[in-house]
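Source file: my_file_15.cif (mmCIF, C-alpha atoms)
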data_data
loop_
_atom_site.label_atom_id
_atom_site.label_comp_id
_atom_site.auth_asym_id
_atom_site.auth_seq_id
_atom_site.Cartn_x
_atom_site.Cartn_y
_atom_site.Cartn_z
CA MET N 145 4.85 5.40 -28.69
CA LYS N 146 6.49 2.14 -27.83
CA VAL N 147 5.83 0.89 -24.31
CA HIS N 148 8.33 -1.64 -22.99
CA ARG N 149 6.92 -4.42 -20.81
CA TYR N 150 9.30 -6.16 -18.43
CA GLN N 151 9.49 -9.92 -18.09
CA ILE N 152 8.83 -9.60 -14.37
CA LYS N 153 5.77 -10.96 -12.64
CA ILE N 154 5.11 -10.44 -8.95
CA GLU N 155 2.52 -13.03 -8.04
CA PRO N 156 0.60 -13.90 -4.86
CA ASN N 157 2.42 -16.27 -2.52
CA ASN N 158 0.16 -18.05 -0.04
CA LYS N 159 3.18 -19.25 1.96
CA ARG N 160 3.88 -15.74 3.25
CA VAL N 161 1.86 -15.61 6.46
CA LEU N 162 1.79 -13.35 9.49
CA PHE N 163 0.46 -13.76 13.00
CA LYS N 164 -2.51 -11.60 13.93
CA PRO N 165 -5.00 -11.61 16.79
CA PHE N 166 -7.72 -14.26 16.55
CA ILE N 167 -10.73 -12.16 17.44
CA ILE N 168 -13.55 -13.76 19.42
CA PHE N 169 -16.43 -11.39 20.08
CA SER N 170 -18.19 -13.42 22.75
CA GLU N 171 -16.93 -12.44 26.19
CA GLU N 172 -18.29 -15.70 27.61
CA ARG N 173 -16.26 -17.80 25.15
CA LYS N 174 -13.05 -15.98 26.03
CA TYR N 175 -13.47 -16.93 29.68
CA LYS N 176 -14.37 -20.52 28.76
CA ILE N 177 -11.35 -21.03 26.50
CA ILE N 178 -8.93 -19.64 29.07
CA LYS N 179 -10.52 -21.69 31.87
CA ARG N 180 -9.88 -24.87 29.87
CA ILE N 181 -6.20 -23.94 29.55
CA LEU N 182 -6.03 -23.13 33.27
CA ASN N 183 -7.33 -26.63 34.04
CA LEU N 184 -4.37 -28.26 32.30
CA THR N 185 -1.53 -29.57 34.41
CA GLU N 186 1.85 -27.95 33.96
CA THR N 187 3.04 -31.09 32.19
CA GLU N 188 0.14 -30.87 29.75
CA VAL N 189 0.84 -27.16 29.20
CA ASN N 190 4.47 -27.85 28.36
CA ARG N 191 3.52 -30.67 26.00
CA GLU N 192 0.90 -28.61 24.15
CA LEU N 193 3.14 -25.56 23.91
CA SER N 194 6.05 -27.64 22.60
CA MET N 195 3.86 -28.91 19.78
CA VAL N 196 2.68 -25.40 18.91
CA ILE N 197 6.21 -23.96 18.90
CA ALA N 198 7.56 -26.86 16.83
CA GLU N 199 4.83 -26.37 14.23
CA PHE N 200 5.11 -22.59 13.87
CA GLU N 201 8.62 -21.45 14.86
CA LYS N 202 10.07 -21.83 11.34
CA ARG N 203 7.22 -19.79 9.85
CA HIS N 204 7.68 -16.66 12.00
CA HIS N 205 10.63 -14.67 13.31
CA ARG N 206 9.24 -13.93 16.76
CA GLY N 207 6.22 -16.17 17.24
CA TYR N 208 6.91 -16.90 20.91
CA LEU N 209 7.02 -13.18 21.68
CA PHE N 210 3.80 -12.59 19.72
CA PHE N 211 2.03 -15.25 21.83
CA LEU N 212 3.33 -13.68 25.03
CA ASN N 213 2.20 -10.18 23.97
CA ARG N 214 -1.16 -11.62 22.97
CA PHE N 215 -1.57 -13.02 26.48
CA GLU N 216 -1.03 -9.52 27.90
CA GLN N 217 -3.97 -8.36 25.79
CA MET N 218 -6.15 -11.22 27.07
CA LYS N 219 -5.10 -11.52 30.72
CA LYS N 220 -8.14 -9.63 31.98
CA TYR N 221 -10.13 -12.77 31.14
CA VAL N 222 -7.97 -14.97 33.40
CA SER N 223 -10.24 -15.88 36.31
CA THR N 224 -7.61 -16.87 38.86
CA ASP N 225 -5.31 -15.09 41.25
CA GLU N 226 -2.77 -17.90 41.12
CA PRO N 227 0.54 -16.96 39.43
CA LEU N 228 0.90 -18.41 35.94
CA SER N 229 4.03 -19.87 34.44
CA GLU N 230 5.38 -18.17 31.36
CA GLU N 231 4.62 -21.33 29.40
CA ARG N 232 0.95 -21.17 30.35
CA LYS N 233 0.80 -17.48 29.44
CA VAL N 234 2.34 -18.21 26.03
CA LEU N 235 -0.10 -21.07 25.43
CA ILE N 236 -3.06 -18.84 26.28
CA GLY N 237 -1.71 -16.24 23.82
CA ALA N 238 -1.39 -18.89 21.12
CA TYR N 239 -5.07 -19.78 21.41
CA PHE N 240 -5.98 -16.20 20.63
CA THR N 241 -3.63 -15.94 17.62
CA GLN N 242 -4.15 -16.91 14.01
CA GLU N 243 -2.09 -17.09 10.84
CA PHE N 244 -3.19 -14.90 7.96
CA SER N 245 -1.98 -15.44 4.40
CA LEU N 246 -2.08 -11.77 3.47
CA GLU N 247 -1.37 -12.10 -0.26
CA SER N 248 -3.04 -15.43 -1.01
CA THR N 249 -5.57 -13.88 -3.37
CA ALA N 250 -3.75 -11.02 -5.09
CA ILE N 251 -0.79 -8.65 -4.97
CA PHE N 252 -1.50 -5.62 -7.11
CA ASN N 253 -1.89 -1.84 -7.58
CA PRO N 254 1.81 -1.01 -7.04
CA SER N 255 3.46 2.33 -6.37
CA MET N 256 7.18 2.95 -7.05
CA ILE N 257 9.52 5.37 -5.26
CA TRP N 258 13.27 5.71 -4.73
CA HIS N 259 14.62 3.94 -1.67
CA PRO N 260 15.85 6.30 1.08
CA ASN N 261 19.07 4.23 1.25
CA GLN N 262 21.18 4.51 -1.92
CA SER N 263 24.47 3.46 -0.31
CA ASN N 264 26.84 0.68 -1.47
CA LEU N 265 25.61 0.58 -5.06
CA PRO N 266 27.68 0.47 -8.27
CA ALA N 267 27.77 3.65 -10.36
CA GLY N 268 24.65 4.13 -12.47
CA LYS N 269 22.39 1.96 -10.33
CA LYS N 270 19.60 3.02 -7.99
CA ARG N 271 17.59 1.18 -5.38
CA PHE N 272 13.80 1.44 -5.38
CA ILE N 273 10.83 0.34 -3.30
CA ILE N 274 7.42 -0.65 -4.55
CA SER N 275 4.41 -0.84 -2.29
CA LEU N 276 1.64 -3.24 -3.23
CA ARG N 277 -1.88 -4.01 -2.13
CA ALA N 278 -1.93 -7.57 -0.81
CA THR N 279 -5.32 -9.25 -0.52
CA GLY N 280 -6.06 -12.39 1.48
CA GLU N 281 -8.85 -14.20 3.29
CA GLY N 282 -12.12 -12.28 3.40
CA HIS N 283 -10.84 -9.85 0.75
CA VAL N 284 -8.92 -8.00 3.48
CA SER N 285 -6.13 -5.86 2.03
CA SER N 286 -2.88 -4.60 3.54
CA ILE N 287 0.24 -2.80 2.33
CA VAL N 288 3.37 -4.84 1.60
CA PHE N 289 6.72 -3.91 0.08
CA ARG N 290 9.28 -5.20 -2.40
CA SER N 291 12.64 -3.74 -3.41
CA GLY N 292 14.98 -3.88 -6.36
CA ILE N 293 17.72 -2.17 -8.35
CA ILE N 294 17.47 -0.35 -11.68
CA ASP N 295 20.41 0.65 -13.91
CA GLU N 296 20.95 3.53 -16.35
CA GLN N 297 19.31 1.56 -19.18
CA SER N 298 16.29 0.94 -16.93
CA ASN N 299 17.02 -2.76 -16.54
CA ILE N 300 15.35 -3.97 -13.35
CA LYS N 301 16.50 -6.68 -10.96
CA MET N 302 14.11 -7.46 -8.14
CA ASP N 303 15.36 -8.48 -4.70
CA GLU N 304 14.22 -11.90 -3.55
CA PRO N 305 11.46 -11.40 -0.98
CA SER N 306 11.77 -13.00 2.43
CA GLN N 307 9.60 -15.96 3.39
CA PHE N 308 8.62 -14.11 6.59
CA VAL N 309 6.04 -11.38 7.14
CA GLU N 310 5.91 -9.36 10.35
CA MET N 311 3.39 -7.03 11.96
CA PRO N 312 4.74 -3.77 13.41
CA GLU N 313 4.47 -2.67 16.99
CA ILE N 314 1.38 -0.46 17.14
CA LYS N 315 0.97 2.61 19.30
CA MET N 316 -2.49 4.15 19.25
CA LEU N 317 -2.25 7.95 19.59
CA ASN N 318 -5.99 8.65 19.58
CA ASP N 319 -9.12 7.52 17.74
CA ASN N 320 -7.81 8.86 14.43
CA PHE N 321 -4.04 8.34 14.51
CA TYR N 322 -1.58 5.56 15.30
CA GLU N 323 2.09 4.76 14.87
CA ALA N 324 3.57 1.57 13.41
CA HIS N 325 7.17 0.64 14.27
CA PHE N 326 8.99 -2.24 12.58
CA ASN N 327 12.03 -4.12 13.82
CA PRO N 328 15.08 -2.69 11.98
CA GLU N 329 16.43 -6.22 11.57
CA ASP N 330 13.51 -7.14 9.32
CA ASP N 331 13.92 -6.91 5.56
CA ILE N 332 11.60 -4.45 3.86
CA SER N 333 9.75 -7.34 2.20
CA GLU N 334 8.92 -8.61 5.70
CA ARG N 335 7.06 -5.46 6.73
CA ALA N 336 3.29 -5.44 6.39
CA ILE N 337 1.01 -2.55 7.31
CA PHE N 338 -2.13 -4.38 8.36
CA PRO N 339 -5.48 -2.75 9.26
CA GLN N 340 -5.58 -1.42 12.83
CA MET N 341 -8.37 1.17 13.18
CA PRO N 342 -12.10 0.45 12.83
CA SER N 343 -12.21 2.63 9.70
CA GLU N 344 -9.79 0.25 7.92
CA SER N 345 -10.95 -3.03 9.46
CA ASN N 346 -11.80 -4.56 6.08
CA GLY N 347 -8.78 -3.30 4.22
CA ILE N 348 -6.07 -0.81 3.34
CA GLU N 349 -6.18 -0.25 -0.41
CA ASP N 350 -4.08 1.34 -3.16
CA ALA N 351 -1.36 3.33 -1.39
CA ARG N 352 0.01 6.12 -3.61
CA PHE N 353 3.52 6.86 -2.34
CA VAL N 354 5.39 10.07 -3.04
CA GLU N 355 8.73 11.42 -1.86
CA PHE N 356 7.71 14.84 -0.57
CA LYS N 357 10.31 17.60 -0.31
CA ASN N 358 9.73 19.66 2.83
CA ASP N 359 10.47 23.38 3.06
CA ASP N 360 13.77 22.55 4.77
CA GLY N 361 14.85 20.31 1.89
CA GLU N 362 14.37 17.10 3.85
CA SER N 363 12.25 14.28 2.43
CA THR N 364 9.17 12.69 3.94
CA TYR N 365 7.47 9.78 2.21
CA PHE N 366 3.70 10.23 2.17
CA ALA N 367 1.06 7.84 0.91
CA THR N 368 -2.66 8.36 0.59
CA TYR N 369 -4.72 5.19 0.72
CA CYS N 370 -8.32 4.08 0.86
CA ALA N 371 -9.53 2.63 4.16
CA TYR N 372 -12.57 0.33 4.10
CA ASP N 373 -14.59 -0.84 7.10
CA GLY N 374 -16.90 -3.19 5.20
CA HIS N 375 -19.50 -0.49 4.51
CA ASN N 376 -17.78 2.89 4.14
CA ILE N 377 -14.59 4.15 2.55
CA SER N 378 -12.36 6.95 3.78
CA THR N 379 -9.01 8.40 2.74
CA GLN N 380 -6.11 8.11 5.16
CA LEU N 381 -2.52 9.32 5.07
CA LEU N 382 0.66 7.63 6.21
CA GLN N 383 4.07 9.20 6.49
CA THR N 384 7.57 7.89 7.10
CA LYS N 385 11.19 8.90 6.64
CA ASP N 386 12.74 5.44 6.79
CA PHE N 387 10.05 2.80 6.04
CA LEU N 388 10.56 1.54 9.58
CA ASN N 389 8.52 4.05 11.54
CA PHE N 390 5.14 5.20 10.24
CA LYS N 391 2.53 7.67 11.42
CA ILE N 392 -0.92 6.88 10.08
CA GLY N 393 -4.16 8.79 10.39
CA LYS N 394 -7.45 9.93 8.94
CA MET N 395 -7.66 12.86 6.56
CA MET N 396 -10.34 15.44 7.26
CA GLY N 397 -12.31 18.18 5.57
CA ARG N 398 -15.35 18.60 3.36
CA GLU N 399 -13.60 17.24 0.25
CA ILE N 400 -12.14 14.06 1.73
CA GLN N 401 -14.55 11.87 -0.17
CA ASN N 402 -14.34 8.83 -2.45
CA LYS N 403 -11.09 7.25 -3.67
CA GLY N 404 -7.94 8.03 -5.61
CA MET N 405 -6.26 11.01 -3.96
CA ALA N 406 -2.62 11.66 -4.81
CA LEU N 407 -0.31 14.27 -3.30
CA PHE N 408 2.09 16.42 -5.33
CA PRO N 409 5.78 15.98 -4.30
CA HIS N 410 6.20 19.52 -2.93
CA LYS N 411 4.17 22.62 -2.13
CA ILE N 412 3.22 25.05 -4.88
CA ASP N 413 2.91 28.72 -3.86
CA GLY N 414 3.08 27.64 -0.24
CA LYS N 415 0.18 25.17 -0.51
CA TYR N 416 -0.09 21.41 -0.44
CA VAL N 417 -1.62 20.21 -3.71
CA MET N 418 -3.51 16.99 -4.42
CA LEU N 419 -5.38 15.28 -7.23
CA SER N 420 -8.72 13.75 -6.30
CA ARG N 421 -11.93 12.20 -7.62
CA GLN N 422 -14.87 12.89 -5.36
CA ASP N 423 -17.67 12.07 -7.81
CA ASN N 424 -16.67 8.65 -9.20
CA GLU N 425 -16.19 10.21 -12.62
CA ASN N 426 -13.90 13.25 -12.96
CA ILE N 427 -10.45 14.36 -11.78
CA PHE N 428 -10.25 17.37 -9.48
CA ILE N 429 -7.38 19.34 -7.98
CA MET N 430 -7.21 20.63 -4.40
CA PHE N 431 -5.04 23.06 -2.40
CA SER N 432 -4.59 23.23 1.37
CA ASP N 433 -2.46 24.68 4.14
CA ASP N 434 -2.81 21.43 6.09
CA VAL N 435 -1.82 18.10 4.54
CA TYR N 436 -4.51 16.37 6.62
CA LYS N 437 -7.39 18.78 5.95
CA TRP N 438 -8.95 19.58 2.54
CA GLU N 439 -11.98 21.84 2.21
CA SER N 440 -12.31 22.79 -1.49
CA LYS N 441 -11.75 21.38 -4.96
CA GLN N 442 -11.82 22.48 -8.57
CA LEU N 443 -12.59 20.44 -11.68
CA LEU N 444 -9.51 19.51 -13.68
CA MET N 445 -10.53 16.84 -16.23
CA GLU N 446 -13.66 15.10 -17.46
CA PRO N 447 -13.92 11.92 -19.57
CA GLU N 448 -13.34 12.80 -23.21
CA TYR N 449 -12.43 9.66 -25.19
CA PRO N 450 -14.41 6.38 -25.48
CA TRP N 451 -11.88 4.41 -23.42
CA GLU N 452 -12.65 6.66 -20.45
CA PHE N 453 -16.33 7.45 -20.95
CA PHE N 454 -17.34 5.61 -17.75
CA GLN N 455 -14.82 7.32 -15.47
CA ILE N 456 -11.30 8.65 -15.11
CA GLY N 457 -9.00 8.89 -12.12
CA ASN N 458 -5.36 9.35 -11.26
CA CYS N 459 -2.80 6.55 -11.19
CA GLY N 460 -0.41 7.99 -8.64
CA SER N 461 1.25 11.21 -7.61
CA PRO N 462 2.33 13.69 -10.33
CA VAL N 463 5.97 13.59 -11.44
CA GLU N 464 7.77 16.88 -12.09
CA THR N 465 9.39 17.34 -15.51
CA GLU N 466 10.79 20.35 -17.38
CA LYS N 467 7.60 20.52 -19.43
CA GLY N 468 5.14 20.18 -16.59
CA TRP N 469 3.59 17.76 -14.14
CA LEU N 470 3.39 14.30 -15.70
CA CYS N 471 0.42 12.33 -14.39
CA LEU N 472 -0.76 8.81 -15.09
CA SER N 473 -4.50 8.29 -15.27
CA HIS N 474 -6.83 5.36 -15.47
CA GLY N 475 -9.82 5.27 -17.76
CA VAL N 476 -12.78 2.90 -17.66
CA GLY N 477 -14.59 2.14 -20.90
CA ALA N 478 -17.01 -0.38 -22.34
CA ALA N 479 -17.35 -3.72 -20.52
CA ARG N 480 -15.56 -2.17 -17.51
CA LYS N 481 -12.19 -2.31 -19.23
CA TYR N 482 -9.51 -0.39 -17.29
CA VAL N 483 -6.60 1.19 -19.16
CA ILE N 484 -3.77 3.56 -18.23
CA GLY N 485 -3.50 6.98 -19.85
CA ALA N 486 -1.47 10.11 -19.15
CA PHE N 487 -1.89 13.88 -18.93
CA LEU N 488 0.33 16.91 -18.38
CA LEU N 489 -0.29 19.91 -16.10
CA ASP N 490 1.34 23.33 -16.12
CA LYS N 491 4.39 23.36 -13.85
CA ASP N 492 3.61 26.68 -12.17
CA ASP N 493 -0.18 26.47 -12.28
CA PRO N 494 -1.29 22.84 -12.12
CA THR N 495 -4.94 23.84 -12.57
CA LYS N 496 -4.06 24.27 -16.27
CA LEU N 497 -4.19 21.14 -18.40
CA ILE N 498 -1.50 21.20 -21.12
CA GLY N 499 -2.38 17.95 -22.84
CA ARG N 500 -3.67 14.40 -22.50
CA LEU N 501 -3.23 11.20 -24.48
CA LYS N 502 -5.91 10.49 -27.04
CA LYS N 503 -5.24 6.76 -26.83
CA PRO N 504 -4.33 4.57 -23.84
CA LEU N 505 -0.69 4.35 -22.89
CA LEU N 506 -1.14 0.76 -21.66
CA GLU N 507 -3.96 -1.75 -21.85
CA ALA N 508 -4.11 -5.42 -20.92
CA ASN N 509 -2.75 -7.82 -23.53
CA GLU N 510 -3.80 -11.45 -23.90
CA LEU N 511 -1.41 -12.54 -21.14
CA GLU N 512 -2.71 -9.93 -18.70
CA ARG N 513 -6.46 -9.81 -19.13
CA GLU N 514 -7.36 -12.82 -16.94
CA GLY N 515 -7.34 -12.50 -13.16
CA TYR N 516 -9.34 -11.65 -10.07
CA VAL N 517 -10.94 -8.74 -11.98
CA PRO N 518 -10.54 -9.33 -15.74
CA HIS N 519 -9.19 -6.85 -18.28
CA VAL N 520 -7.69 -4.32 -15.88
CA VAL N 521 -4.32 -2.57 -15.80
CA TYR N 522 -3.71 -0.14 -12.97
CA SER N 523 -0.84 1.73 -11.35
CA CYS N 524 -0.36 3.83 -8.23
CA GLY N 525 2.66 5.77 -9.49
CA GLY N 526 6.06 5.61 -11.20
CA VAL N 527 9.44 7.38 -11.39
CA ILE N 528 11.73 9.03 -13.93
CA ASN N 529 14.92 7.06 -14.52
CA GLY N 530 17.23 8.94 -16.87
CA ARG N 531 15.43 9.20 -20.19
CA ASP N 532 12.69 6.74 -19.21
CA PHE N 533 9.49 6.96 -17.28
CA VAL N 534 9.18 3.65 -15.40
CA PHE N 535 6.00 2.54 -13.69
CA PRO N 536 4.79 -0.67 -12.07
CA TYR N 537 1.31 -1.83 -12.89
CA ALA N 538 -1.22 -4.45 -11.84
CA MET N 539 -2.62 -7.06 -14.17
CA SER N 540 -6.32 -7.84 -13.68
CA ASP N 541 -6.16 -7.24 -9.92
CA TYR N 542 -4.06 -10.38 -9.46
CA ALA N 543 -0.34 -9.85 -10.08
CA SER N 544 2.03 -6.97 -10.90
CA SER N 545 4.78 -6.10 -13.34
CA PHE N 546 6.62 -3.05 -14.77
CA ALA N 547 6.53 -0.97 -17.94
CA SER N 548 8.59 1.93 -19.26
CA VAL N 549 8.28 4.55 -21.98
CA ASP N 550 10.71 7.06 -23.42
CA LEU N 551 10.07 10.21 -21.41
CA ASN N 552 10.69 12.68 -24.24
CA GLU N 553 8.40 10.78 -26.60
CA LEU N 554 5.67 10.79 -23.99
CA LEU N 555 6.07 14.52 -23.28
CA ASP N 556 6.14 15.33 -27.00
CA GLU N 557 2.87 13.45 -27.45
CA LEU N 558 1.32 15.30 -24.51
CA THR N 559 2.37 18.73 -25.79
CA LYS N 560 1.14 18.26 -29.38
CA ARG N 561 -1.34 20.88 -30.45
#

Take the structure in the file and give it back as structure tokens.
Amino acid sequence: MKVHRYQIKIEPNNKRVLFKPFIIFSEERKYKIIKRILNLTETEVNRELSMVIAEFEKRHHRGYLFFLNRFEQMKKYVSTDEPLSEERKVLIGAYFTQEFSLESTAIFNPSMIWHPNQSNLPAGKKRFIISLRATGEGHVSSIVFRSGIIDEQSNIKMDEPSQFVEMPEIKMLNDNFYEAHFNPEDDISERAIFPQMPSESNGIEDARFVEFKNDDGESTYFATYCAYDGHNISTQLLQTKDFLNFKIGKMMGREIQNKGMALFPHKIDGKYVMLSRQDNENIFIMFSDDVYKWESKQLLMEPEYPWEFFQIGNCGSPVETEKGWLCLSHGVGAARKYVIGAFLLDKDDPTKLIGRLKKPLLEANELEREGYVPHVVYSCGGVINGRDFVFPYAMSDYASSFASVDLNELLDELTKR
């Protein structure tokens, strides 16, 4: 099979920064810092704030408002009953804010889905979204987005990303769930889902997006992702209908373990279905009545070929075809080399494996093997576009690109006996 690589490279950009809280754990220091600001005269406050605004206003859409909201989070440490001017409140908020270059280290492990808005496009063209794992200071990861247009011949034109990055408004529902709401005026490339809960404090990794068809025919976009708190990993689920408003929460159950879970795009026999890998080595399949709770699993695939002897796992949600469920996989072989493979599951009974590639579908070439983690290609899911299967992929955990393969050729290879 011939795999087409696109001359597109999505690379880290350390100029894309967001504002986030500057966390100081010492209660005593919080009081001390605010007391110093309270001791400034109003003239000094205005002068200091003017310098801060002048330095940062062109780097952020709503920096002034972020500072003011940050003050509201810190006002309990203000040790005075005297009314404060808005300028002093904003200056206090600025001292407890920091810039974070969220993709300064890497932008990788992409997932591709069709954009919910397909309006105002020429005939034969479709709009898509890719999510990516952005990694910055301290190896903290978040989810960012890019968009583009693909035509009938699978030519891709990426939209130019904005220079701005914005945090959503967060509403904590309980210890396990929260909502994230973005400003509808912000471009999709400006939206970043940044860690919020303790379970994800050190990163949100490898979102696998899928357009899920509900029983009523409506679509919900789900994504499983790995949350990391610096010591433990857990699988969490986000859902959205518009990529503006997200509900995010922990998944539960005995079999919510390890990494790499990927949801099927609709129920089968009334059950949610998901691929998983609880043992760091094999691919399993799971069924549940509750998309958030998974109690049992069954073995689906074990490593079989040398390029996957170390471990296998899924590379995104299964894609439905006439011949079965098309799934990308990753295999790890000698010298920790990661490659992308593929397998096919029975359409009506996805516990049945129809076929798998004997050789990798994609492996790093000489231009792709150097990066943050050498000799790795990895994807979190692709789409069918006409006669092509198109999937984005990461190159050595540093940057991302796209590849495509003729769908019929791939299916023929997977159904060979």

Resolved residues for the PyMOL selection byres ((chain N and resi 201-203) around 9) as a PDB file with C-alpha atoms, keeping the file's coordinate frame:
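expr.pdb written:
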ATOM      1  CA  LYS N 159       3.180 -19.250   1.960  1.00  0.00           C
ATOM      2  CA  ARG N 160       3.880 -15.740   3.250  1.00  0.00           C
ATOM      3  CA  VAL N 161       1.860 -15.610   6.460  1.00  0.00           C
ATOM      4  CA  LEU N 162       1.790 -13.350   9.490  1.00  0.00           C
ATOM      5  CA  VAL N 196       2.680 -25.400  18.910  1.00  0.00           C
ATOM      6  CA  ILE N 197       6.210 -23.960  18.900  1.00  0.00           C
ATOM      7  CA  ALA N 198       7.560 -26.860  16.830  1.00  0.00           C
ATOM      8  CA  GLU N 199       4.830 -26.370  14.230  1.00  0.00           C
ATOM      9  CA  PHE N 200       5.110 -22.590  13.870  1.00  0.00           C
ATOM     10  CA  HIS N 204       7.680 -16.660  12.000  1.00  0.00           C
ATOM     11  CA  HIS N 205      10.630 -14.670  13.310  1.00  0.00           C
ATOM     12  CA  ARG N 206       9.240 -13.930  16.760  1.00  0.00           C
ATOM     13  CA  GLY N 207       6.220 -16.170  17.240  1.00  0.00           C
ATOM     14  CA  TYR N 208       6.910 -16.900  20.910  1.00  0.00           C
ATOM     15  CA  GLN N 307       9.600 -15.960   3.390  1.00  0.00           C
ATOM     16  CA  PHE N 308       8.620 -14.110   6.590  1.00  0.00           C
ATOM     17  CA  VAL N 309       6.040 -11.380   7.140  1.00  0.00           C
TER      18      VAL N 309
END

### Task
Evaluate the PyMOL selection byres ((chain N and resi 155) around 8) here and jot the selected residues down as a list of chain:residue names.
N:Lys153, N:Ile154, N:Pro156, N:Asn157, N:Ala250, N:Ile251, N:Tyr542, N:Ala543, N:Ser544

### Task
Convert the output of the PyMOL selection byres ((chain N and resi 406) around 8) on the shown file into explicit residues, formatted as a list in words.
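Evaluating the PyMOL selection byres ((chain N and resi 406) around 8) on these coordinates yields Arg352, Ala367, Thr368, Gly404, Met405, Leu407, Phe408, Met418, Leu419, Ser420, Asn458, Gly460, Ser461 and Pro462 of chain N.
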
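Taking all atoms listed in the file into account, Pro266 of chain N lies nearest to N:Ile293 out of the set N:Ile293, N:Ala336, N:Val189, N:Ile181.
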
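Closest to Lys269 of chain N among N:Asn529, N:Arg173, N:Glu188, N:Met341 is N:Asn529, based on only C-alpha atoms.
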
### Query
Please, which residues are within 10 Å of (-18.1, 6.8, -6.9) by the file's coordinates, counting all atoms listed in the file, and could they come as a ChimeraX atom specification?
/N:401-403,421-426,455

With C-alpha atoms kept, could you save the residues just selected as a PDB file, in the frame of the given file?
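The resulting file, out-v9.pdb, is reproduced below:
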ATOM      1  CA  GLN N 401     -14.550  11.870  -0.170  1.00  0.00           C
ATOM      2  CA  ASN N 402     -14.340   8.830  -2.450  1.00  0.00           C
ATOM      3  CA  LYS N 403     -11.090   7.250  -3.670  1.00  0.00           C
ATOM      4  CA  ARG N 421     -11.930  12.200  -7.620  1.00  0.00           C
ATOM      5  CA  GLN N 422     -14.870  12.890  -5.360  1.00  0.00           C
ATOM      6  CA  ASP N 423     -17.670  12.070  -7.810  1.00  0.00           C
ATOM      7  CA  ASN N 424     -16.670   8.650  -9.200  1.00  0.00           C
ATOM      8  CA  GLU N 425     -16.190  10.210 -12.620  1.00  0.00           C
ATOM      9  CA  ASN N 426     -13.900  13.250 -12.960  1.00  0.00           C
ATOM     10  CA  GLN N 455     -14.820   7.320 -15.470  1.00  0.00           C
TER      11      GLN N 455
END

### Query
Given the choices N:Lys385, N:Gly526, N:Asn320, N:His259, which gets closest to Glu362 of chain N if the distance is worked out from all atoms listed in the file?
N:Lys385

#### Entry: Atomic distance atom CA of Thr559 of chain N - atom CA of Cys459 of chain N, expressed in Å with one decimal
19.7 Å

### Task
Would you work out the distance separating atom CA of Asp434 of chain N from atom CA of Ala324 of chain N, expressed in Å to one decimal?
22.1 Å

### Task
Measure the distance from atom CA of Val549 of chain N to atom CA of Arg531 of chain N in Å and round it to one decimal.
8.7 Å

Spatial neighbours of Lys502 of chain N, 9 Å, only C-alpha atoms, chain gap at least 5 places, as a PDB file with C-alpha atoms, in the frame of the given file:
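Below you can see part-v8.pdb, which holds the result:
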ATOM      1  CA  GLU N 448     -13.340  12.800 -23.210  1.00  0.00           C
ATOM      2  CA  TYR N 449     -12.430   9.660 -25.190  1.00  0.00           C
ATOM      3  CA  GLY N 485      -3.500   6.980 -19.850  1.00  0.00           C
TER       4      GLY N 485
END

Within 10 Å of segment 467-475 of chain N, which residues of segment 511-553 of chain N show up? Give each one with its shortest atom-to-atom distance in Å (one decimal) and the two atoms involved, counting all atoms listed in the file, rows by chain then rising residue number, as a Markdown table.
| residue | atom | partner | partner_atom | distance |
| --- | --- | --- | --- | --- |
| N:Val520 | CA | N:His474 | CA | 9.7 |
| N:Val521 | CA | N:His474 | CA | 8.3 |
| N:Tyr522 | CA | N:His474 | CA | 6.8 |
| N:Ser523 | CA | N:Leu472 | CA | 8.0 |
| N:Cys524 | CA | N:Leu472 | CA | 8.5 |
| N:Gly525 | CA | N:Leu472 | CA | 7.2 |
| N:Gly526 | CA | N:Leu472 | CA | 8.5 |
| N:Phe533 | CA | N:Leu470 | CA | 9.7 |
| N:Phe535 | CA | N:Leu472 | CA | 9.3 |
| N:Leu551 | CA | N:Leu470 | CA | 9.7 |
| N:Asn552 | CA | N:Lys467 | CA | 9.7 |

Missing atoms in segment 393-399 of chain N: fill them in up to N, CA and C atoms and send the result as a CSV table (one decimal), keeping the file's coordinate frame.
chain,number,residue,atom,x,y,z
N,393,GLY,N,-3.0,8.2,9.9
N,393,GLY,CA,-4.2,8.8,10.4
N,393,GLY,C,-5.2,9.2,9.3
N,394,LYS,N,-6.4,9.5,9.8
N,394,LYS,CA,-7.4,9.9,8.9
N,394,LYS,C,-7.2,11.3,8.4
N,395,MET,N,-7.6,11.5,7.1
N,395,MET,CA,-7.7,12.9,6.6
N,395,MET,C,-9.0,13.4,6.8
N,396,MET,N,-9.1,14.8,6.9
N,396,MET,CA,-10.3,15.4,7.3
N,396,MET,C,-10.7,16.5,6.2
N,397,GLY,N,-11.9,17.1,6.4
N,397,GLY,CA,-12.3,18.2,5.6
N,397,GLY,C,-13.5,17.8,4.7
N,398,ARG,N,-14.2,18.8,4.2
N,398,ARG,CA,-15.4,18.6,3.4
N,398,ARG,C,-15.1,17.8,2.1
N,399,GLU,N,-13.9,17.9,1.5
N,399,GLU,CA,-13.6,17.2,0.2
N,399,GLU,C,-12.8,15.9,0.4
